[in-house]
>>> print(open('work_36.txt').read())   # compact mmCIF, C-alpha atoms
# COMPACT_ATOMS: atom_id res chain seq x y z
CA MET P 1 -23.47 -89.59 111.78
CA ALA P 2 -23.90 -86.03 113.03
CA VAL P 3 -20.72 -84.20 113.96
CA ASN P 4 -20.84 -82.87 117.51
CA LYS P 5 -19.34 -79.60 118.75
CA PRO P 6 -15.95 -80.97 119.94
CA GLN P 7 -15.55 -82.84 116.64
CA ARG P 8 -16.35 -79.68 114.66
CA HIS P 9 -13.75 -77.87 116.74
CA ILE P 10 -11.17 -80.53 115.85
CA LEU P 11 -12.13 -80.45 112.16
CA PHE P 12 -11.83 -76.67 112.12
CA ALA P 13 -8.43 -76.68 113.84
CA LEU P 14 -7.10 -79.35 111.49
CA GLY P 15 -8.42 -77.54 108.43
CA ARG P 16 -6.97 -74.19 109.47
CA TYR P 17 -3.62 -75.85 110.20
CA HIS P 18 -3.51 -77.35 106.71
CA GLU P 19 -4.64 -74.08 105.06
CA ARG P 20 -2.08 -72.01 106.97
CA TYR P 21 0.88 -74.23 106.18
CA ALA P 22 -0.21 -74.81 102.60
CA LEU P 23 0.11 -71.03 102.09
CA ILE P 24 3.50 -70.89 103.80
CA LEU P 25 4.83 -73.81 101.74
CA LEU P 26 3.15 -72.75 98.48
CA ASP P 27 6.35 -71.92 96.63
CA LYS P 28 8.35 -74.80 98.10
CA PRO P 29 8.36 -78.47 97.11
CA LEU P 30 7.13 -79.39 100.60
CA GLN P 31 3.85 -80.43 102.10
CA ALA P 32 2.68 -79.99 105.69
CA SER P 33 1.96 -83.17 107.58
CA LEU P 34 0.81 -83.76 111.10
CA SER P 35 0.55 -86.89 113.21
CA LYS P 36 -2.24 -87.50 115.71
CA GLY P 37 0.11 -87.03 118.62
CA ALA P 38 1.55 -83.78 117.26
CA PHE P 39 -1.95 -82.43 116.53
CA ILE P 40 -3.16 -83.23 120.03
CA GLU P 41 0.00 -81.70 121.49
CA LEU P 42 -0.62 -78.58 119.39
CA LEU P 43 -4.21 -78.26 120.64
CA THR P 44 -3.36 -78.80 124.30
CA ASN P 45 -0.20 -76.67 124.42
CA ALA P 46 -1.91 -73.79 122.59
CA GLY P 47 -4.82 -73.94 125.02
CA LEU P 48 -7.26 -74.66 122.21
CA ALA P 49 -8.68 -77.80 123.76
CA GLY P 50 -10.60 -77.84 126.99
CA LYS P 51 -10.28 -81.61 127.07
CA LYS P 52 -7.72 -84.14 128.16
CA GLU P 53 -5.51 -85.87 125.62
CA ARG P 54 -7.46 -89.14 125.82
CA ALA P 55 -10.74 -87.37 125.00
CA LEU P 56 -9.09 -85.76 121.95
CA TYR P 57 -7.82 -89.16 120.78
CA LYS P 58 -11.34 -90.54 121.20
CA ASN P 59 -12.82 -87.68 119.14
CA LEU P 60 -10.23 -88.28 116.41
CA GLU P 61 -11.08 -91.99 116.43
CA ASP P 62 -14.77 -91.13 116.08
CA LEU P 63 -13.95 -88.83 113.15
CA GLU P 64 -12.02 -91.70 111.55
CA LYS P 65 -14.98 -94.07 112.04
CA ALA P 66 -17.25 -91.47 110.43
CA LYS P 67 -14.75 -91.32 107.53
CA LEU P 68 -14.13 -87.60 107.97
CA VAL P 69 -10.40 -87.92 108.62
CA SER P 70 -7.91 -90.65 107.89
CA TYR P 71 -4.55 -91.54 109.26
CA ASP P 72 -2.46 -92.38 106.22
CA ASN P 73 1.24 -93.11 106.57
CA ARG P 74 1.34 -91.56 110.07
CA THR P 75 -0.26 -88.34 108.76
CA LEU P 76 -3.65 -86.97 109.79
CA VAL P 77 -5.59 -85.81 106.71
CA PHE P 78 -9.15 -85.06 105.63
CA THR P 79 -11.12 -87.49 103.54
CA GLU P 80 -13.28 -86.03 100.77
CA LYS P 81 -16.28 -86.22 103.09
CA GLY P 82 -14.28 -84.51 105.85
CA ARG P 83 -13.12 -81.75 103.52
CA LYS P 84 -16.75 -81.05 102.55
CA GLU P 85 -17.77 -80.94 106.22
CA TYR P 86 -14.90 -78.54 106.94
CA GLU P 87 -15.91 -76.29 104.02
CA ARG P 88 -19.52 -76.28 105.25
CA LEU P 89 -18.29 -75.31 108.71
CA VAL P 90 -16.16 -72.46 107.32
CA GLN P 91 -19.06 -71.18 105.20
CA GLY P 92 -21.18 -70.95 108.33
CA LEU P 93 -18.46 -68.98 110.12
CA ASP P 94 -17.51 -66.76 107.17
CA PRO P 95 -19.81 -63.84 108.09
CA TYR P 96 -18.17 -63.70 111.52
CA PHE P 97 -14.67 -63.82 110.01
CA ARG P 98 -15.54 -60.92 107.72
CA VAL P 99 -16.68 -58.80 110.68
CA VAL P 100 -13.48 -59.52 112.60
CA ASP P 101 -11.37 -58.85 109.50
CA MET P 102 -13.16 -55.57 108.78
CA LEU P 103 -12.81 -54.35 112.36
CA GLU P 104 -9.10 -55.19 112.41
CA LYS P 105 -8.26 -53.59 109.06
CA THR P 106 -10.61 -50.61 108.92
CA ASN P 107 -10.95 -47.47 110.97
CA VAL P 108 -14.67 -47.79 111.60
CA LEU P 109 -14.93 -44.17 112.74
CA LYS P 110 -14.23 -43.11 109.14
CA LEU P 111 -17.14 -45.15 107.81
CA THR P 112 -19.83 -43.01 109.39
CA LYS P 113 -20.21 -39.44 110.53
CA LYS P 114 -22.28 -40.37 113.55
CA ALA P 115 -19.89 -42.86 115.11
CA THR P 116 -18.08 -41.61 118.16
CA MET P 117 -15.76 -43.28 120.57
CA GLN P 118 -16.35 -42.87 124.25
CA LEU P 119 -14.01 -44.21 126.87
CA ARG P 120 -15.63 -45.21 130.12
CA TRP P 121 -13.67 -46.30 133.11
>>> encode(input="work_36.txt", output="structure tokens")
Amino acid sequence: MAVNKPQRHILFALGRYHERYALILLDKPLQASLSKGAFIELLTNAGLAGKKERALYKNLEDLEKAKLVSYDNRTLVFTEKGRKEYERLVQGLDPYFRVVDMLEKTNVLKLTKKATMQLRW
């Protein structure tokens, strides 16, 4: 089954959530967990989903049928297949992340003599 754009969006959001909280909880004997309802609430309240709650539930159900995510013990997690799909998605986006990261952390005017900044109103 091919993963469509809304499903990739959900996979990416879920993967970033787990990565972010795994780093925060790295030195603690805790693990981040997230239920379907909490995940959907997170997406809708943060304005990350342009869909209604029912459509998000349906996409999550489709991801479960495709064996990309599972709902174990009231916790939404990746399957091995889902983790590989997420990693493939991140690899495709990595060049864009590097550009954003470089622009945020570097004064690009110092990288070249010819670069100038012009303000136009």
>>> atom_distance(input="work_36.txt", atom1="atom CA of Asp62 of chain P", atom2="atom CA of Leu11 of chain P")
11.7 Å
>>> residues_around(input="work_36.txt", residues="Glu87 of chain P", least_positions_apart="6", cutoff="12 Å", atoms="all atoms listed in the file", output="mmCIF file with C-alpha atoms, in the coordinates of the input")
data_model
loop_
_atom_site.group_PDB
_atom_site.id
_atom_site.type_symbol
_atom_site.label_atom_id
_atom_site.label_comp_id
_atom_site.auth_asym_id
_atom_site.auth_seq_id
_atom_site.Cartn_x
_atom_site.Cartn_y
_atom_site.Cartn_z
ATOM 1 C CA ARG P 8 -16.350 -79.680 114.660
ATOM 2 C CA LEU P 11 -12.130 -80.450 112.160
ATOM 3 C CA PHE P 12 -11.830 -76.670 112.120
ATOM 4 C CA LEU P 14 -7.100 -79.350 111.490
ATOM 5 C CA GLY P 15 -8.420 -77.540 108.430
ATOM 6 C CA ARG P 16 -6.970 -74.190 109.470
ATOM 7 C CA GLU P 19 -4.640 -74.080 105.060
ATOM 8 C CA PHE P 78 -9.150 -85.060 105.630
ATOM 9 C CA GLU P 80 -13.280 -86.030 100.770
ATOM 10 C CA LYS P 81 -16.280 -86.220 103.090
ATOM 11 C CA LEU P 93 -18.460 -68.980 110.120
ATOM 12 C CA ASP P 94 -17.510 -66.760 107.170
#
>>> closest_residue(input="work_36.txt", among="P:Val108, P:Ile40, P:Ala46, P:Leu26", to="Asn59 of chain P", atoms="only C-alpha atoms")
P:Ile40
>>> closest_residue(input="work_36.txt", among="P:Arg54, P:Lys84, P:Ser35, P:Glu41", to="Lys67 of chain P", atoms="only C-alpha atoms")
P:Lys84
>>> closest_residue(input="work_36.txt", among="P:Val3, P:Leu109, P:Leu25, P:Leu103", to="Lys65 of chain P", atoms="all atoms listed in the file")
P:Val3
>>> atom_distance(input="work_36.txt", atom1="atom CA of Lys28 of chain P", atom2="atom CA of Glu85 of chain P")
28.0 Å
>>> closest_residue(input="work_36.txt", among="P:Leu34, P:Ala66, P:Leu48, P:Ile24", to="Asn4 of chain P", atoms="only C-alpha atoms")
P:Ala66
>>> closest_residue(input="work_36.txt", among="P:His18, P:Arg98, P:Lys113, P:Lys36", to="Leu56 of chain P", atoms="all atoms listed in the file")
P:Lys36
>>> atom_distance(input="work_36.txt", atom1="atom CA of Ala55 of chain P", atom2="atom CA of Ala2 of chain P")
17.8 Å
